[in-house]
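Remarks on the structure that follows.
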Amino acid sequence: MTKVLVVEDTPLNMELILEILKSHGIEADKAEDGEEAIRKTEKIVYDIIFMDIALPGIDGAEATKIIRTRPEYKDVPVIALTAFAMKGDKEKLIAGGFDDYIAKPIDVSEFIKQIEKYSAE
Ligand SMILES: [Mg+2]
C-alpha cells in the first residue's frame, strides 16, 4: 500500500487532492503546513509526498530541504504543488530537492499521471 503525505494549506486544494487519491485507492495523510509535514515524516516514512510551495510558516521548499536531510528520505519522491510554474521553474524546483511538480490549478489527469508514475517505483 502506497503511503502518501499531502502538504497543502488551502482546504479546497487538499479536498481535491485527497479525492483524486481516493479514487485511486490511496488513503493519504495530510499536513496543513511545513512544521506538521516535518513532524509526520519523523514518525512515518512515506512513499510519496505532495508538497505545496506556498505555506504559512516555513514554506514547502524549506520543509523539503529539512525532510531530505534524513537518510530514509533521500530517495522518496517529493512532488511540488505550485502556482508559480513558469519556464525554468522546474529546474529550480529539482535543484531544490523536488522530483517533479504539479501546476495549480490542479489538472486532474496530469495529477493522476504523476501518481501513477511515482507510485509504480
Ligand atoms: Mg498554499
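All residue names refer to the C-alpha cells as shown: chains lettered A, B, ... in order, residues numbered from 1 in each chain, ligands numbered from 1 in order.
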**Message:** Which residues are near ligand 1 - at most 7 Å, using only C-alpha atoms and all ligand atoms? Format: as a VMD selection string.
**Reply:** chain A and resid 8 to 10 52 to 55
Using the selection just defined, write its residues with N, CA and C atoms as a PDB file, in the first residue's frame.
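Contents of part-v9.pdb, as written:
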```pdb
ATOM      1  N   GLU A   8      -0.652  20.741   2.207  1.00  0.00           N
ATOM      2  CA  GLU A   8      -1.404  21.774   1.481  1.00  0.00           C
ATOM      3  C   GLU A   8      -2.223  22.563   2.502  1.00  0.00           C
ATOM      4  N   ASP A   9      -2.125  23.893   2.433  1.00  0.00           N
ATOM      5  CA  ASP A   9      -2.846  24.705   3.421  1.00  0.00           C
ATOM      6  C   ASP A   9      -4.203  25.198   2.932  1.00  0.00           C
ATOM      7  N   THR A  10      -4.480  25.058   1.630  1.00  0.00           N
ATOM      8  CA  THR A  10      -5.770  25.522   1.113  1.00  0.00           C
ATOM      9  C   THR A  10      -6.755  24.357   1.141  1.00  0.00           C
ATOM     10  N   ASP A  52       2.915  21.438  -1.183  1.00  0.00           N
ATOM     11  CA  ASP A  52       2.603  22.806  -1.594  1.00  0.00           C
ATOM     12  C   ASP A  52       3.835  23.678  -1.320  1.00  0.00           C
ATOM     13  N   ILE A  53       4.094  24.634  -2.214  1.00  0.00           N
ATOM     14  CA  ILE A  53       5.234  25.522  -2.008  1.00  0.00           C
ATOM     15  C   ILE A  53       4.867  26.674  -1.063  1.00  0.00           C
ATOM     16  N   ALA A  54       3.739  27.311  -1.346  1.00  0.00           N
ATOM     17  CA  ALA A  54       3.311  28.445  -0.519  1.00  0.00           C
ATOM     18  C   ALA A  54       2.531  27.945   0.694  1.00  0.00           C
ATOM     19  N   LEU A  55       3.189  28.017   1.851  1.00  0.00           N
ATOM     20  CA  LEU A  55       2.589  27.543   3.098  1.00  0.00           C
ATOM     21  C   LEU A  55       2.820  28.593   4.176  1.00  0.00           C
TER      22      LEU A  55
END
```
**Asked** Where in chain A does DSSP assign helix (DSSP H, G or I), given as a ChimeraX atom specification?
**Response** /A:11-23,34-43,60-68,71-73,89-95,108-119
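Considering the residues A:Ala80, A:Met51, A:Gly57, A:Lys117 and counting only C-alpha atoms, Lys92 of chain A has its shortest atom-to-atom contact with A:Ala80.
The space separating atom CA of Thr2 of chain A from atom CA of Tyr118 of chain A comes to 9.8 Å.
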**Message:** Taking 2 positions as the minimum chain separation for residues in the same chain, which residues sit within 9 Å of segment 23-37 of chain A when counting only C-alpha atoms? Answer as a PyMOL selection string.
**Reply:** chain A and resi 1-11+14+18-21+39-42+51-52+55-60+62-64+67+112+115
Dump N, CA and C atoms for the selected residues as a CSV table (one decimal), in the first residue's frame?
```
chain,number,residue,atom,x,y,z
A,1,MET,N,0.9,-1.2,0.0
A,1,MET,CA,0.0,0.0,0.0
A,1,MET,C,0.9,1.2,0.0
A,2,THR,N,0.6,2.1,-1.0
A,2,THR,CA,1.4,3.3,-1.1
A,2,THR,C,1.1,4.3,0.0
A,3,LYS,N,2.1,4.7,0.8
A,3,LYS,CA,1.8,5.7,1.8
A,3,LYS,C,2.1,7.1,1.3
A,4,VAL,N,1.1,7.9,1.3
A,4,VAL,CA,1.2,9.3,0.7
A,4,VAL,C,0.9,10.3,1.7
A,5,LEU,N,1.8,11.4,1.7
A,5,LEU,CA,1.5,12.6,2.5
A,5,LEU,C,1.2,13.7,1.6
A,6,VAL,N,0.1,14.4,1.9
A,6,VAL,CA,-0.2,15.7,1.1
A,6,VAL,C,-0.1,16.9,2.1
A,7,VAL,N,0.8,17.8,1.6
A,7,VAL,CA,1.0,19.0,2.4
A,7,VAL,C,0.4,20.2,1.7
A,8,GLU,N,-0.7,20.7,2.2
A,8,GLU,CA,-1.4,21.8,1.5
A,8,GLU,C,-2.2,22.6,2.5
A,9,ASP,N,-2.1,23.9,2.4
A,9,ASP,CA,-2.8,24.7,3.4
A,9,ASP,C,-4.2,25.2,2.9
A,10,THR,N,-4.5,25.1,1.6
A,10,THR,CA,-5.8,25.5,1.1
A,10,THR,C,-6.8,24.4,1.1
A,11,PRO,N,-7.8,24.5,2.0
A,11,PRO,CA,-8.7,23.3,2.2
A,11,PRO,C,-9.3,22.8,0.9
A,14,MET,N,-6.7,20.7,-0.9
A,14,MET,CA,-6.5,19.5,-0.1
A,14,MET,C,-7.6,18.5,-0.4
A,18,LEU,N,-7.1,14.8,-2.1
A,18,LEU,CA,-7.5,13.6,-1.4
A,18,LEU,C,-8.5,12.8,-2.1
A,19,GLU,N,-9.4,13.5,-2.8
A,19,GLU,CA,-10.5,12.9,-3.6
A,19,GLU,C,-9.9,12.1,-4.8
A,20,ILE,N,-8.9,12.8,-5.5
A,20,ILE,CA,-8.3,12.1,-6.6
A,20,ILE,C,-7.5,10.8,-6.1
A,21,LEU,N,-6.8,11.0,-5.0
A,21,LEU,CA,-6.0,9.9,-4.5
A,21,LEU,C,-7.0,8.7,-4.1
A,39,ARG,N,7.0,17.0,11.3
A,39,ARG,CA,6.6,16.1,12.4
A,39,ARG,C,6.1,14.7,11.9
A,40,LYS,N,5.2,14.8,10.9
A,40,LYS,CA,4.7,13.5,10.4
A,40,LYS,C,5.8,12.6,9.8
A,41,THR,N,6.7,13.2,9.1
A,41,THR,CA,7.7,12.4,8.4
A,41,THR,C,8.8,11.9,9.4
A,42,GLU,N,8.7,12.4,10.6
A,42,GLU,CA,9.6,11.9,11.6
A,42,GLU,C,9.1,10.6,12.1
A,51,MET,N,3.9,18.3,-2.0
A,51,MET,CA,4.2,19.4,-1.1
A,51,MET,C,3.9,20.7,-1.8
A,52,ASP,N,2.9,21.4,-1.2
A,52,ASP,CA,2.6,22.8,-1.6
A,52,ASP,C,3.8,23.7,-1.3
A,55,LEU,N,3.2,28.0,1.9
A,55,LEU,CA,2.6,27.5,3.1
A,55,LEU,C,2.8,28.6,4.2
A,56,PRO,N,1.9,28.6,5.2
A,56,PRO,CA,2.2,29.5,6.3
A,56,PRO,C,3.4,29.0,7.1
A,57,GLY,N,4.2,29.9,7.7
A,57,GLY,CA,5.4,29.5,8.4
A,57,GLY,C,6.5,29.1,7.4
A,58,ILE,N,7.2,28.0,7.7
A,58,ILE,CA,8.3,27.6,6.7
A,58,ILE,C,7.6,27.1,5.4
A,59,ASP,N,8.1,27.5,4.3
A,59,ASP,CA,7.5,27.1,3.0
A,59,ASP,C,7.8,25.7,2.6
A,60,GLY,N,7.2,25.3,1.5
A,60,GLY,CA,7.4,23.9,1.1
A,60,GLY,C,8.8,23.5,0.7
A,62,GLU,N,11.6,24.9,2.0
A,62,GLU,CA,12.4,24.8,3.2
A,62,GLU,C,12.0,23.4,3.9
A,63,ALA,N,10.7,23.1,4.0
A,63,ALA,CA,10.3,21.9,4.6
A,63,ALA,C,10.9,20.7,3.9
A,64,THR,N,11.0,20.7,2.6
A,64,THR,CA,11.5,19.6,1.8
A,64,THR,C,13.0,19.5,2.1
A,67,ILE,N,13.3,17.7,5.4
A,67,ILE,CA,12.9,16.3,5.3
A,67,ILE,C,14.0,15.5,4.6
A,112,ILE,N,-3.1,12.6,-11.9
A,112,ILE,CA,-3.2,11.1,-12.0
A,112,ILE,C,-1.9,10.5,-12.6
A,115,ILE,N,0.8,10.5,-10.0
A,115,ILE,CA,0.6,9.4,-9.0
A,115,ILE,C,1.0,8.1,-9.6
```
**Request:** For Ile106 of chain A, list every protein, DNA or RNA residue within 10 Å, evaluated using only C-alpha atoms, and leave out those in the same chain fewer than 2 positions away; present the list as a ChimeraX atom specification.
**Result:** /A:13,16-17,81-83,102-104,108-111
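The residue that comes closest to Arg68 of chain A, out of A:Asp89, A:Lys22, A:Gly96, A:Phe50 and on the basis of only C-alpha atoms, is A:Gly96.
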**Message:** Would you compute the distance between atom CA of Lys43 of chain A and atom CA of Tyr101 of chain A? Give it in Å to one decimal.
**Reply:**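 Here the two named atoms are 24.7 Å from each other.
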**DSSP strand (DSSP E) residues within segment 67-119 of chain A, as an MDAnalysis selection string** = chainID A and resid 78:82 100:103
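Picture a line from atom CA of Ile94 of chain A to atom CA of Asp107 of chain A; it runs 20.3 Å.
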